[in-house]
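> The structure under discussion is supplied below as structure tokens; questions concerning it will follow.
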Amino acid sequence: MDGQIRRSAYEVALAQYDEAVALMNLPDDVVEFMRYPKRELTVNFPVRMDNGHIRMFTGFRVHHTTVRGPTKGGIRYHPEVTLEETRALAMWMTWKCALMNLPYGGAKGGVIVDPYTLSDEELCRLTRRYATEISILMSPEGDIPAPDVGTNPQVMAWIMDTYSMHRGYSVPAVVTGKPVQIGGSHGRYDATGLGVMFMAREAMKRLNMPIQGATVAVQGFGNVGSFAAHYMHLQGAKVIAVSDVRGGIYNPHGLDIPALERYVKETRTVVGFPGADAITNAELLELPCDVLIPAALEGQITRENAPRVKARIIAEGANGPTTPNADKILQDKGVFVIPDILCNAGGVTVSYFEWVQSLQSFFWSEQDVKRQLERLMVDSFNAVMHEAETRKLPLRMAAYTVAIGRVAEAIILRGVYP
Ligand code: GLU
């Protein structure tokens, strides 16, 4: 909680935006233009459940901007999804794509559902119906979804199949993060976590901290957190704590990550892993460690707990894990915060590679994907550092000013229609 009232993700996104544009010299009308999502769709739709009854669900798809290209962004299945949250996540995708110089605008989608309470058949029917409902906005040229919290390559395969059935032929480029067997890209599945490691490694180089033996705490053990832990471990770092929705585990001497990965495959949680103490998600954020990787949901590091954060580096695997009030506190404490739109951009970057491969039906090796990902991410890291150093800005504001500047440039060049 940030003070008495918890600010919505969208209020946070707007506060970050306002803070960034105040540092820039942009025409007021262009600033106003970028504050608004271009279009928002709400869909209420029925799904037949296994018991024969019909249940109504609500979903969203928001396009923030189309000035730099088709819109891009994941689809989230979570019980707390709202239109406002989806709007915030779409705006963050705009800045993320612009920062990485990908030819995309931002989008996000979501369905209010706890996917873990549905059978596979129910999840498939829900996905196919939601995909059909948002198909008026979705296309390889217009809007390309991908996985986010609560969705995975199987869900992407169903979306691709549903869209393709309606067209009468396969359209792999309509979605990214799909399985490799049906036109997905090598290296997409673990790309976000791998990118988080690249960014943490670059930050450590800047701070002259060896990665070998560095202590790491990871909040969230989903697609982002588990691969971030995996790659930090492979680099010789000591992952001392991880958590998921059910709780966390801690061992100051380091967790056996390969054993933990096997344990989670069997039990679907990190809780109860032998040889570690139980901790809460809140405690994990305050552990003494070199690198803290929040890789769960928004609004985790707030003005309440930021004073107690002990990490030297925060690598934002999640979207929006740190509130603006917390940012100020962390800045005063000298914490090196690698902002989300840079730190977790590995996913959408390899999504871009996947889209290009799907459009061309020409596929790259895993080695090529990883090499290109590393190059683009390190280049963006250096661009953000350069902006931060020359303009004396915190890293988040440096990343935002670079990204917003590119979107503004596109708006000015294209002009306003009619
Ligand atoms: N959901 C991911 C993100 O927040 C990936 C989006 C994509 O690949 O389009 O960046």
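Residue numbering restarts at 1 in every chain; chains get A, B, ... in the order shown in the structure tokens, and ligands count up from 1 in that same order.
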I'd like a table as CSV: residues in chain A with an atom no more than 7 Å from ligand 1, each row giving the shortest atom pair and its distance in Å to one decimal, only C-alpha atoms and all ligand atoms counted, sorted by chain and rising residue number.


residue,atom,partner,partner_atom_place_in_ligand_line,distance
A:Lys72,CA,ligand 1,9 (O),4.8
A:Gly73,CA,ligand 1,9 (O),3.7
A:Gly74,CA,ligand 1,1 (N),3.9
A:Ile75,CA,ligand 1,1 (N),6.8
A:Met93,CA,ligand 1,10 (O),6.4
A:Ile144,CA,ligand 1,9 (O),6.9
A:Pro145,CA,ligand 1,9 (O),5.7
A:Ala146,CA,ligand 1,9 (O),4.7
A:Pro147,CA,ligand 1,1 (N),5.3
A:Asp148,CA,ligand 1,1 (N),4.0
A:Thr176,CA,ligand 1,8 (O),6.4
A:Gly177,CA,ligand 1,8 (O),6.8
A:Asn319,CA,ligand 1,4 (O),6.4
A:Asn344,CA,ligand 1,10 (O),6.4
A:Ala345,CA,ligand 1,10 (O),5.8
A:Gly347,CA,ligand 1,5 (C),4.9
A:Val348,CA,ligand 1,8 (O),3.4
A:Thr349,CA,ligand 1,8 (O),6.9
A:Ser351,CA,ligand 1,8 (O),4.6

> Those selected residues, please, written with N, CA and C atoms and delivered as an mmCIF file, in the first residue's frame.


data_model
loop_
_atom_site.group_PDB
_atom_site.id
_atom_site.type_symbol
_atom_site.label_atom_id
_atom_site.label_comp_id
_atom_site.auth_asym_id
_atom_site.auth_seq_id
_atom_site.Cartn_x
_atom_site.Cartn_y
_atom_site.Cartn_z
ATOM 1 N N LYS A 72 1.555 -4.122 -29.910
ATOM 2 C CA LYS A 72 2.146 -5.357 -29.409
ATOM 3 C C LYS A 72 2.011 -5.399 -27.906
ATOM 4 N N GLY A 73 1.660 -6.554 -27.384
ATOM 5 C CA GLY A 73 1.599 -6.706 -25.930
ATOM 6 C C GLY A 73 0.868 -7.976 -25.544
ATOM 7 N N GLY A 74 1.114 -8.395 -24.340
ATOM 8 C CA GLY A 74 0.628 -9.691 -23.877
ATOM 9 C C GLY A 74 -0.843 -9.723 -23.511
ATOM 10 N N ILE A 75 -1.291 -10.930 -23.179
ATOM 11 C CA ILE A 75 -2.642 -11.165 -22.666
ATOM 12 C C ILE A 75 -2.496 -11.795 -21.286
ATOM 13 N N MET A 93 3.837 -0.782 -22.506
ATOM 14 C CA MET A 93 4.328 -1.486 -23.711
ATOM 15 C C MET A 93 4.762 -0.485 -24.781
ATOM 16 N N ILE A 144 -0.640 -7.668 -32.352
ATOM 17 C CA ILE A 144 -0.066 -9.009 -32.206
ATOM 18 C C ILE A 144 0.070 -9.348 -30.719
ATOM 19 N N PRO A 145 -0.825 -10.157 -30.155
ATOM 20 C CA PRO A 145 -0.721 -10.548 -28.748
ATOM 21 C C PRO A 145 0.448 -11.494 -28.458
ATOM 22 N N ALA A 146 0.648 -11.753 -27.170
ATOM 23 C CA ALA A 146 1.743 -12.607 -26.691
ATOM 24 C C ALA A 146 1.376 -13.039 -25.269
ATOM 25 N N PRO A 147 2.178 -13.916 -24.666
ATOM 26 C CA PRO A 147 1.879 -14.305 -23.276
ATOM 27 C C PRO A 147 2.156 -13.192 -22.267
ATOM 28 N N ASP A 148 1.453 -13.263 -21.154
ATOM 29 C CA ASP A 148 1.718 -12.422 -19.985
ATOM 30 C C ASP A 148 1.346 -13.284 -18.772
ATOM 31 N N THR A 176 2.678 -14.014 -30.905
ATOM 32 C CA THR A 176 4.046 -14.483 -30.622
ATOM 33 C C THR A 176 4.055 -15.199 -29.273
ATOM 34 N N GLY A 177 5.152 -15.904 -29.014
ATOM 35 C CA GLY A 177 5.222 -16.717 -27.798
ATOM 36 C C GLY A 177 4.524 -18.057 -28.013
ATOM 37 N N ASN A 319 6.256 -5.801 -14.676
ATOM 38 C CA ASN A 319 5.868 -4.473 -15.153
ATOM 39 C C ASN A 319 5.334 -3.674 -13.966
ATOM 40 N N ASN A 344 12.813 -5.810 -18.468
ATOM 41 C CA ASN A 344 12.041 -6.989 -18.892
ATOM 42 C C ASN A 344 11.710 -6.955 -20.381
ATOM 43 N N ALA A 345 12.453 -6.141 -21.149
ATOM 44 C CA ALA A 345 12.151 -5.990 -22.575
ATOM 45 C C ALA A 345 12.614 -7.179 -23.420
ATOM 46 N N GLY A 347 11.477 -10.142 -23.502
ATOM 47 C CA GLY A 347 10.324 -10.891 -24.008
ATOM 48 C C GLY A 347 9.793 -10.298 -25.296
ATOM 49 N N VAL A 348 9.493 -9.024 -25.260
ATOM 50 C CA VAL A 348 8.907 -8.412 -26.460
ATOM 51 C C VAL A 348 9.945 -8.309 -27.576
ATOM 52 N N THR A 349 11.213 -8.223 -27.217
ATOM 53 C CA THR A 349 12.246 -8.154 -28.259
ATOM 54 C C THR A 349 12.299 -9.469 -29.043
ATOM 55 N N SER A 351 9.825 -11.515 -29.149
ATOM 56 C CA SER A 351 8.528 -11.538 -29.838
ATOM 57 C C SER A 351 8.647 -10.868 -31.204
#

> Can you list, as an MDAnalysis selection string, every protein, DNA or RNA residue that comes within 9 Å of A:Val149 when you count only C-alpha atoms, leaving out same-chain residues fewer than 2 positions away?

chainID A and resid 74:78 147 151:152 222:223 296:297

> Would you put the residues from that selection into a file with all heavy atoms, as a PDB file, in the first residue's frame?


ATOM      1  N   GLY A  74       1.114  -8.395 -24.340  1.00  0.00           N
ATOM      2  CA  GLY A  74       0.628  -9.691 -23.877  1.00  0.00           C
ATOM      3  C   GLY A  74      -0.843  -9.723 -23.511  1.00  0.00           C
ATOM      4  O   GLY A  74      -1.548  -8.706 -23.543  1.00  0.00           O
ATOM      5  N   ILE A  75      -1.291 -10.930 -23.179  1.00  0.00           N
ATOM      6  CA  ILE A  75      -2.642 -11.165 -22.666  1.00  0.00           C
ATOM      7  C   ILE A  75      -2.496 -11.795 -21.286  1.00  0.00           C
ATOM      8  O   ILE A  75      -1.775 -12.783 -21.115  1.00  0.00           O
ATOM      9  CB  ILE A  75      -3.427 -12.102 -23.607  1.00  0.00           C
ATOM     10  CG1 ILE A  75      -3.733 -11.353 -24.908  1.00  0.00           C
ATOM     11  CG2 ILE A  75      -4.703 -12.594 -22.941  1.00  0.00           C
ATOM     12  CD1 ILE A  75      -4.342 -12.226 -25.979  1.00  0.00           C
ATOM     13  N   ARG A  76      -3.179 -11.190 -20.321  1.00  0.00           N
ATOM     14  CA  ARG A  76      -3.074 -11.618 -18.932  1.00  0.00           C
ATOM     15  C   ARG A  76      -4.355 -12.308 -18.499  1.00  0.00           C
ATOM     16  O   ARG A  76      -5.447 -11.777 -18.739  1.00  0.00           O
ATOM     17  CB  ARG A  76      -2.809 -10.364 -18.074  1.00  0.00           C
ATOM     18  CG  ARG A  76      -2.749 -10.612 -16.595  1.00  0.00           C
ATOM     19  CD  ARG A  76      -2.280  -9.369 -15.842  1.00  0.00           C
ATOM     20  NE  ARG A  76      -0.886  -9.039 -16.138  1.00  0.00           N
ATOM     21  CZ  ARG A  76      -0.124  -8.241 -15.385  1.00  0.00           C
ATOM     22  NH1 ARG A  76      -0.640  -7.671 -14.299  1.00  0.00           N
ATOM     23  NH2 ARG A  76       1.125  -7.987 -15.711  1.00  0.00           N
ATOM     24  N   TYR A  77      -4.247 -13.481 -17.887  1.00  0.00           N
ATOM     25  CA  TYR A  77      -5.392 -14.135 -17.248  1.00  0.00           C
ATOM     26  C   TYR A  77      -5.161 -14.066 -15.743  1.00  0.00           C
ATOM     27  O   TYR A  77      -4.251 -14.726 -15.211  1.00  0.00           O
ATOM     28  CB  TYR A  77      -5.485 -15.622 -17.649  1.00  0.00           C
ATOM     29  CG  TYR A  77      -5.922 -15.909 -19.069  1.00  0.00           C
ATOM     30  CD1 TYR A  77      -5.937 -17.222 -19.546  1.00  0.00           C
ATOM     31  CD2 TYR A  77      -6.346 -14.897 -19.939  1.00  0.00           C
ATOM     32  CE1 TYR A  77      -6.353 -17.515 -20.829  1.00  0.00           C
ATOM     33  CE2 TYR A  77      -6.760 -15.192 -21.229  1.00  0.00           C
ATOM     34  CZ  TYR A  77      -6.756 -16.508 -21.673  1.00  0.00           C
ATOM     35  OH  TYR A  77      -7.162 -16.803 -22.954  1.00  0.00           O
ATOM     36  N   HIS A  78      -5.976 -13.256 -15.051  1.00  0.00           N
ATOM     37  CA  HIS A  78      -5.767 -13.095 -13.611  1.00  0.00           C
ATOM     38  C   HIS A  78      -7.083 -12.598 -13.014  1.00  0.00           C
ATOM     39  O   HIS A  78      -7.778 -11.785 -13.640  1.00  0.00           O
ATOM     40  CB  HIS A  78      -4.629 -12.087 -13.361  1.00  0.00           C
ATOM     41  CG  HIS A  78      -4.151 -12.046 -11.937  1.00  0.00           C
ATOM     42  ND1 HIS A  78      -4.776 -11.274 -10.979  1.00  0.00           N
ATOM     43  CD2 HIS A  78      -3.140 -12.691 -11.326  1.00  0.00           C
ATOM     44  CE1 HIS A  78      -4.144 -11.445  -9.821  1.00  0.00           C
ATOM     45  NE2 HIS A  78      -3.153 -12.304  -9.997  1.00  0.00           N
ATOM     46  N   PRO A 147       2.178 -13.916 -24.666  1.00  0.00           N
ATOM     47  CA  PRO A 147       1.879 -14.305 -23.276  1.00  0.00           C
ATOM     48  C   PRO A 147       2.156 -13.192 -22.267  1.00  0.00           C
ATOM     49  O   PRO A 147       2.960 -12.295 -22.511  1.00  0.00           O
ATOM     50  CB  PRO A 147       2.831 -15.483 -23.021  1.00  0.00           C
ATOM     51  CG  PRO A 147       3.343 -15.898 -24.361  1.00  0.00           C
ATOM     52  CD  PRO A 147       3.306 -14.680 -25.213  1.00  0.00           C
ATOM     53  N   THR A 151      -0.867 -16.735 -18.842  1.00  0.00           N
ATOM     54  CA  THR A 151      -0.992 -17.358 -20.171  1.00  0.00           C
ATOM     55  C   THR A 151       0.361 -17.943 -20.579  1.00  0.00           C
ATOM     56  O   THR A 151       1.390 -17.612 -19.987  1.00  0.00           O
ATOM     57  CB  THR A 151      -1.481 -16.356 -21.251  1.00  0.00           C
ATOM     58  OG1 THR A 151      -0.561 -15.276 -21.311  1.00  0.00           O
ATOM     59  CG2 THR A 151      -2.881 -15.843 -20.939  1.00  0.00           C
ATOM     60  N   ASN A 152       0.346 -18.806 -21.602  1.00  0.00           N
ATOM     61  CA  ASN A 152       1.567 -19.545 -21.947  1.00  0.00           C
ATOM     62  C   ASN A 152       1.541 -19.919 -23.435  1.00  0.00           C
ATOM     63  O   ASN A 152       0.594 -19.574 -24.145  1.00  0.00           O
ATOM     64  CB  ASN A 152       1.673 -20.786 -21.050  1.00  0.00           C
ATOM     65  CG  ASN A 152       0.444 -21.678 -21.194  1.00  0.00           C
ATOM     66  OD1 ASN A 152      -0.227 -21.683 -22.238  1.00  0.00           O
ATOM     67  ND2 ASN A 152       0.124 -22.430 -20.155  1.00  0.00           N
ATOM     68  N   GLY A 222       7.346 -17.463 -11.804  1.00  0.00           N
ATOM     69  CA  GLY A 222       6.661 -17.803 -13.053  1.00  0.00           C
ATOM     70  C   GLY A 222       7.666 -17.784 -14.190  1.00  0.00           C
ATOM     71  O   GLY A 222       8.854 -18.034 -13.993  1.00  0.00           O
ATOM     72  N   ASN A 223       7.181 -17.448 -15.369  1.00  0.00           N
ATOM     73  CA  ASN A 223       8.051 -17.482 -16.553  1.00  0.00           C
ATOM     74  C   ASN A 223       9.247 -16.534 -16.398  1.00  0.00           C
ATOM     75  O   ASN A 223      10.375 -16.888 -16.740  1.00  0.00           O
ATOM     76  CB  ASN A 223       7.218 -17.132 -17.793  1.00  0.00           C
ATOM     77  CG  ASN A 223       8.072 -17.057 -19.036  1.00  0.00           C
ATOM     78  OD1 ASN A 223       8.556 -15.989 -19.408  1.00  0.00           O
ATOM     79  ND2 ASN A 223       8.304 -18.189 -19.680  1.00  0.00           N
ATOM     80  N   ALA A 296       6.886 -10.368 -10.224  1.00  0.00           N
ATOM     81  CA  ALA A 296       5.494 -10.797 -10.035  1.00  0.00           C
ATOM     82  C   ALA A 296       4.571  -9.723 -10.603  1.00  0.00           C
ATOM     83  O   ALA A 296       4.538  -9.521 -11.804  1.00  0.00           O
ATOM     84  CB  ALA A 296       5.226 -11.066  -8.559  1.00  0.00           C
ATOM     85  N   LEU A 297       3.874  -9.007  -9.731  1.00  0.00           N
ATOM     86  CA  LEU A 297       2.880  -8.041 -10.225  1.00  0.00           C
ATOM     87  C   LEU A 297       3.293  -6.601  -9.926  1.00  0.00           C
ATOM     88  O   LEU A 297       4.350  -6.350  -9.343  1.00  0.00           O
ATOM     89  CB  LEU A 297       1.514  -8.340  -9.587  1.00  0.00           C
ATOM     90  CG  LEU A 297       0.884  -9.675 -10.008  1.00  0.00           C
ATOM     91  CD1 LEU A 297      -0.357  -9.957  -9.189  1.00  0.00           C
ATOM     92  CD2 LEU A 297       0.557  -9.692 -11.497  1.00  0.00           C
TER      93      LEU A 297
END

> Can you tell me how far atom CA of A:Arg129 sits from atom CA of A:Pro46, in Å to one decimal?

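These two atoms are separated by 7.9 Å.
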
> Excluding A:Pro103 and any residue of its chain fewer than 6 positions from it, enumerate the residues within 10 Å of it, using only C-alpha atoms, and give them as a ChimeraX atom specification.

/A:66-72,97,352

> Save out the residues we just selected, C-alpha atoms, as a PDB file, in the first residue's frame.


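Produced file result_29.pdb, reproduced below:
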ATOM      1  CA  THR A  66      -0.188   2.919 -33.358  1.00  0.00           C
ATOM      2  CA  VAL A  67       2.139   5.705 -34.489  1.00  0.00           C
ATOM      3  CA  ARG A  68       5.304   3.573 -34.606  1.00  0.00           C
ATOM      4  CA  GLY A  69       3.665   0.455 -36.032  1.00  0.00           C
ATOM      5  CA  PRO A  70       1.204  -2.300 -35.144  1.00  0.00           C
ATOM      6  CA  THR A  71       0.410  -2.706 -31.477  1.00  0.00           C
ATOM      7  CA  LYS A  72       2.146  -5.357 -29.409  1.00  0.00           C
ATOM      8  CA  CYS A  97       8.833  -0.998 -27.612  1.00  0.00           C
ATOM      9  CA  TYR A 352       9.589  -9.070 -32.509  1.00  0.00           C
TER      10      TYR A 352
END

> From the DSSP assignment of the backbone, select every residue of stretch 239-341 of chain A that is alpha helix (DSSP H), and format the answer as a PyMOL selection string.

chain A and resi 257-267+281-285+324-333+340-341

> Based on the selection just made, write N, CA, C and O atoms of those residues as a compact mmCIF listing (two decimals), in the first residue's frame.


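Output file part07.txt follows:
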# COMPACT_ATOMS: atom_id res chain seq x y z
N ILE A 257 19.36 -24.36 -7.38
CA ILE A 257 18.37 -23.96 -8.39
C ILE A 257 17.92 -25.14 -9.28
O ILE A 257 16.72 -25.33 -9.48
N PRO A 258 18.85 -25.98 -9.80
CA PRO A 258 18.36 -27.12 -10.60
C PRO A 258 17.42 -28.03 -9.80
O PRO A 258 16.40 -28.48 -10.32
N ALA A 259 17.74 -28.25 -8.51
CA ALA A 259 16.86 -29.09 -7.67
C ALA A 259 15.52 -28.39 -7.45
O ALA A 259 14.45 -29.02 -7.47
N LEU A 260 15.56 -27.07 -7.26
CA LEU A 260 14.31 -26.31 -7.07
C LEU A 260 13.44 -26.37 -8.34
O LEU A 260 12.22 -26.52 -8.26
N GLU A 261 14.07 -26.29 -9.49
CA GLU A 261 13.31 -26.36 -10.75
C GLU A 261 12.60 -27.72 -10.86
O GLU A 261 11.43 -27.78 -11.27
N ARG A 262 13.27 -28.79 -10.47
CA ARG A 262 12.64 -30.12 -10.50
C ARG A 262 11.50 -30.19 -9.50
O ARG A 262 10.43 -30.71 -9.77
N TYR A 263 11.72 -29.60 -8.31
CA TYR A 263 10.72 -29.60 -7.24
C TYR A 263 9.45 -28.85 -7.70
O TYR A 263 8.33 -29.33 -7.50
N VAL A 264 9.65 -27.71 -8.34
CA VAL A 264 8.50 -26.90 -8.78
C VAL A 264 7.73 -27.60 -9.89
O VAL A 264 6.50 -27.52 -9.96
N LYS A 265 8.43 -28.31 -10.75
CA LYS A 265 7.76 -29.08 -11.81
C LYS A 265 6.78 -30.08 -11.21
O LYS A 265 5.68 -30.28 -11.70
N GLU A 266 7.20 -30.69 -10.10
CA GLU A 266 6.35 -31.72 -9.46
C GLU A 266 5.24 -31.11 -8.61
O GLU A 266 4.11 -31.55 -8.66
N THR A 267 5.58 -30.10 -7.80
CA THR A 267 4.64 -29.62 -6.79
C THR A 267 3.92 -28.34 -7.21
O THR A 267 2.97 -27.94 -6.55
N ASN A 281 6.27 -13.17 0.96
CA ASN A 281 6.64 -12.32 -0.17
C ASN A 281 7.13 -10.96 0.29
O ASN A 281 8.07 -10.41 -0.27
N ALA A 282 6.49 -10.42 1.32
CA ALA A 282 6.88 -9.10 1.84
C ALA A 282 8.29 -9.17 2.44
O ALA A 282 9.11 -8.26 2.23
N GLU A 283 8.58 -10.24 3.18
CA GLU A 283 9.92 -10.38 3.79
C GLU A 283 11.00 -10.50 2.72
O GLU A 283 12.10 -9.96 2.88
N LEU A 284 10.67 -11.19 1.64
CA LEU A 284 11.67 -11.40 0.57
C LEU A 284 12.19 -10.06 0.05
O LEU A 284 13.38 -9.90 -0.18
N LEU A 285 11.29 -9.10 -0.10
CA LEU A 285 11.68 -7.81 -0.68
C LEU A 285 12.66 -7.05 0.21
O LEU A 285 13.37 -6.17 -0.26
N PRO A 324 6.05 5.40 -7.84
CA PRO A 324 6.85 6.63 -7.92
C PRO A 324 7.36 7.09 -6.54
O PRO A 324 8.49 7.57 -6.43
N ASN A 325 6.55 6.93 -5.50
CA ASN A 325 7.01 7.32 -4.16
C ASN A 325 8.18 6.46 -3.71
O ASN A 325 9.15 6.95 -3.11
N ALA A 326 8.11 5.18 -4.00
CA ALA A 326 9.21 4.28 -3.66
C ALA A 326 10.46 4.64 -4.45
O ALA A 326 11.58 4.61 -3.93
N ASP A 327 10.26 5.01 -5.72
CA ASP A 327 11.40 5.41 -6.56
C ASP A 327 12.24 6.50 -5.91
O ASP A 327 13.47 6.44 -5.93
N LYS A 328 11.56 7.51 -5.34
CA LYS A 328 12.27 8.64 -4.73
C LYS A 328 13.12 8.14 -3.55
O LYS A 328 14.25 8.56 -3.37
N ILE A 329 12.51 7.25 -2.75
CA ILE A 329 13.23 6.73 -1.58
C ILE A 329 14.45 5.93 -2.01
O ILE A 329 15.55 6.08 -1.48
N LEU A 330 14.26 5.08 -3.02
CA LEU A 330 15.36 4.24 -3.50
C LEU A 330 16.47 5.09 -4.10
O LEU A 330 17.66 4.79 -3.93
N GLN A 331 16.07 6.14 -4.77
CA GLN A 331 17.05 7.05 -5.37
C GLN A 331 17.91 7.70 -4.28
O GLN A 331 19.13 7.74 -4.38
N ASP A 332 17.25 8.17 -3.20
CA ASP A 332 17.99 8.78 -2.09
C ASP A 332 18.93 7.77 -1.44
O ASP A 332 19.99 8.14 -0.94
N LYS A 333 18.53 6.52 -1.44
CA LYS A 333 19.38 5.48 -0.84
C LYS A 333 20.49 5.02 -1.79
O LYS A 333 21.32 4.20 -1.43
N ASP A 340 11.68 -1.30 -15.47
CA ASP A 340 10.96 -2.38 -16.16
C ASP A 340 11.00 -2.31 -17.67
O ASP A 340 11.24 -3.31 -18.34
N ILE A 341 10.79 -1.10 -18.23
CA ILE A 341 10.69 -1.02 -19.70
C ILE A 341 12.01 -1.38 -20.38
O ILE A 341 12.04 -1.69 -21.56

> Applying 10 Å and only C-alpha atoms, which residues near A:Met377 remain after dropping the ones on its own chain fewer than 4 positions away? List them as a PyMOL selection string.

chain A and resi 99-100+195-196+198-199+202+342-346+349+372-373+381-383

> Selection from above, N, CA and C atoms, as a tab-separated table (two decimals), in the first residue's frame, can you write it?


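Saved file part_32.tsv follows:
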chain	number	residue	atom	x	y	z
A	99	LEU	N	11.63	2.24	-26.55
A	99	LEU	CA	12.99	2.22	-25.98
A	99	LEU	C	13.85	1.20	-26.70
A	100	MET	N	13.27	0.03	-27.03
A	100	MET	CA	14.03	-1.01	-27.73
A	100	MET	C	14.10	-0.75	-29.22
A	195	GLY	N	16.93	-11.85	-20.49
A	195	GLY	CA	17.16	-10.40	-20.60
A	195	GLY	C	17.37	-9.75	-19.24
A	196	VAL	N	16.62	-10.20	-18.24
A	196	VAL	CA	16.80	-9.67	-16.88
A	196	VAL	C	18.23	-9.94	-16.41
A	198	PHE	N	20.90	-10.35	-18.37
A	198	PHE	CA	21.81	-9.45	-19.11
A	198	PHE	C	21.85	-8.07	-18.45
A	199	MET	N	20.68	-7.57	-18.07
A	199	MET	CA	20.61	-6.21	-17.51
A	199	MET	C	21.24	-6.15	-16.11
A	202	GLU	N	24.98	-6.20	-16.64
A	202	GLU	CA	25.51	-4.90	-17.08
A	202	GLU	C	25.56	-3.91	-15.91
A	342	LEU	N	13.10	-1.36	-19.62
A	342	LEU	CA	14.38	-1.84	-20.13
A	342	LEU	C	14.62	-3.28	-19.65
A	343	CYS	N	14.47	-3.49	-18.36
A	343	CYS	CA	14.90	-4.74	-17.73
A	343	CYS	C	14.13	-5.96	-18.24
A	344	ASN	N	12.81	-5.81	-18.47
A	344	ASN	CA	12.04	-6.99	-18.89
A	344	ASN	C	11.71	-6.96	-20.38
A	345	ALA	N	12.45	-6.14	-21.15
A	345	ALA	CA	12.15	-5.99	-22.58
A	345	ALA	C	12.61	-7.18	-23.42
A	346	GLY	N	13.28	-8.15	-22.81
A	346	GLY	CA	13.75	-9.31	-23.57
A	346	GLY	C	12.60	-10.09	-24.20
A	349	THR	N	11.21	-8.22	-27.22
A	349	THR	CA	12.25	-8.15	-28.26
A	349	THR	C	12.30	-9.47	-29.04
A	372	GLN	N	21.35	-11.73	-30.93
A	372	GLN	CA	20.68	-10.48	-31.30
A	372	GLN	C	20.00	-9.85	-30.08
A	373	LEU	N	19.41	-10.69	-29.23
A	373	LEU	CA	18.76	-10.18	-28.02
A	373	LEU	C	19.78	-9.47	-27.14
A	381	PHE	N	20.65	-0.58	-22.86
A	381	PHE	CA	21.17	-0.31	-21.53
A	381	PHE	C	22.17	0.86	-21.61
A	382	ASN	N	23.08	0.78	-22.58
A	382	ASN	CA	24.10	1.83	-22.72
A	382	ASN	C	23.47	3.17	-23.10
A	383	ALA	N	22.42	3.13	-23.94
A	383	ALA	CA	21.74	4.37	-24.33
A	383	ALA	C	21.06	5.01	-23.11

> Just list as an NGL selection string whatever in stretch 158-371 of chain A DSSP marks as strand (DSSP E).

:A and (215-219 or 238-244 or 247-250 or 277-279 or 291-294 or 313-315 or 336-338)

> Show me, as a VMD selection string, the residues that have an atom within 8 Å of A:Ile338 when counting only C-alpha atoms, minus same-chain residues fewer than 4 positions from it.

chain A and resid 199 to 200 203 313 to 316 342 to 343 395 to 396

> How about saving the chosen residues, N, CA and C atoms kept, as a PDB file, in the first residue's frame?


ATOM      1  N   MET A 199      20.680  -7.572 -18.072  1.00  0.00           N
ATOM      2  CA  MET A 199      20.608  -6.214 -17.508  1.00  0.00           C
ATOM      3  C   MET A 199      21.241  -6.155 -16.115  1.00  0.00           C
ATOM      4  N   ALA A 200      20.988  -7.179 -15.287  1.00  0.00           N
ATOM      5  CA  ALA A 200      21.608  -7.215 -13.956  1.00  0.00           C
ATOM      6  C   ALA A 200      23.124  -7.299 -14.106  1.00  0.00           C
ATOM      7  N   ALA A 203      24.515  -3.927 -15.074  1.00  0.00           N
ATOM      8  CA  ALA A 203      24.490  -3.024 -13.915  1.00  0.00           C
ATOM      9  C   ALA A 203      25.646  -3.353 -12.975  1.00  0.00           C
ATOM     10  N   ILE A 313      21.007  -3.446  -6.147  1.00  0.00           N
ATOM     11  CA  ILE A 313      20.425  -3.325  -7.497  1.00  0.00           C
ATOM     12  C   ILE A 313      19.006  -3.891  -7.468  1.00  0.00           C
ATOM     13  N   ILE A 314      18.076  -3.197  -8.100  1.00  0.00           N
ATOM     14  CA  ILE A 314      16.743  -3.778  -8.325  1.00  0.00           C
ATOM     15  C   ILE A 314      16.576  -3.951  -9.823  1.00  0.00           C
ATOM     16  N   ALA A 315      16.363  -5.196 -10.234  1.00  0.00           N
ATOM     17  CA  ALA A 315      16.173  -5.506 -11.661  1.00  0.00           C
ATOM     18  C   ALA A 315      14.693  -5.847 -11.844  1.00  0.00           C
ATOM     19  N   GLU A 316      13.956  -4.920 -12.481  1.00  0.00           N
ATOM     20  CA  GLU A 316      12.501  -5.058 -12.547  1.00  0.00           C
ATOM     21  C   GLU A 316      12.064  -6.041 -13.635  1.00  0.00           C
ATOM     22  N   LEU A 342      13.102  -1.360 -19.617  1.00  0.00           N
ATOM     23  CA  LEU A 342      14.383  -1.840 -20.129  1.00  0.00           C
ATOM     24  C   LEU A 342      14.619  -3.276 -19.649  1.00  0.00           C
ATOM     25  N   CYS A 343      14.465  -3.487 -18.357  1.00  0.00           N
ATOM     26  CA  CYS A 343      14.897  -4.737 -17.730  1.00  0.00           C
ATOM     27  C   CYS A 343      14.129  -5.960 -18.235  1.00  0.00           C
ATOM     28  N   LEU A 395      17.520   6.415 -13.684  1.00  0.00           N
ATOM     29  CA  LEU A 395      17.450   5.548 -14.863  1.00  0.00           C
ATOM     30  C   LEU A 395      16.043   5.451 -15.442  1.00  0.00           C
ATOM     31  N   ARG A 396      15.007   5.422 -14.584  1.00  0.00           N
ATOM     32  CA  ARG A 396      13.653   5.300 -15.128  1.00  0.00           C
ATOM     33  C   ARG A 396      13.310   6.520 -15.990  1.00  0.00           C
TER      34      ARG A 396
END

> Between A:Trp355, A:Trp92, A:Tyr231, A:Tyr17, which is the closest to A:Glu141 once you count only C-alpha atoms?

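Among A:Trp355, A:Trp92, A:Tyr231, A:Tyr17, it is A:Trp355 that comes nearest to A:Glu141.
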
> Between A:Val62, A:Asn305, A:Trp158, A:Gly320, single out the one closest to A:Leu14, counting only C-alpha atoms.

A:Gly320
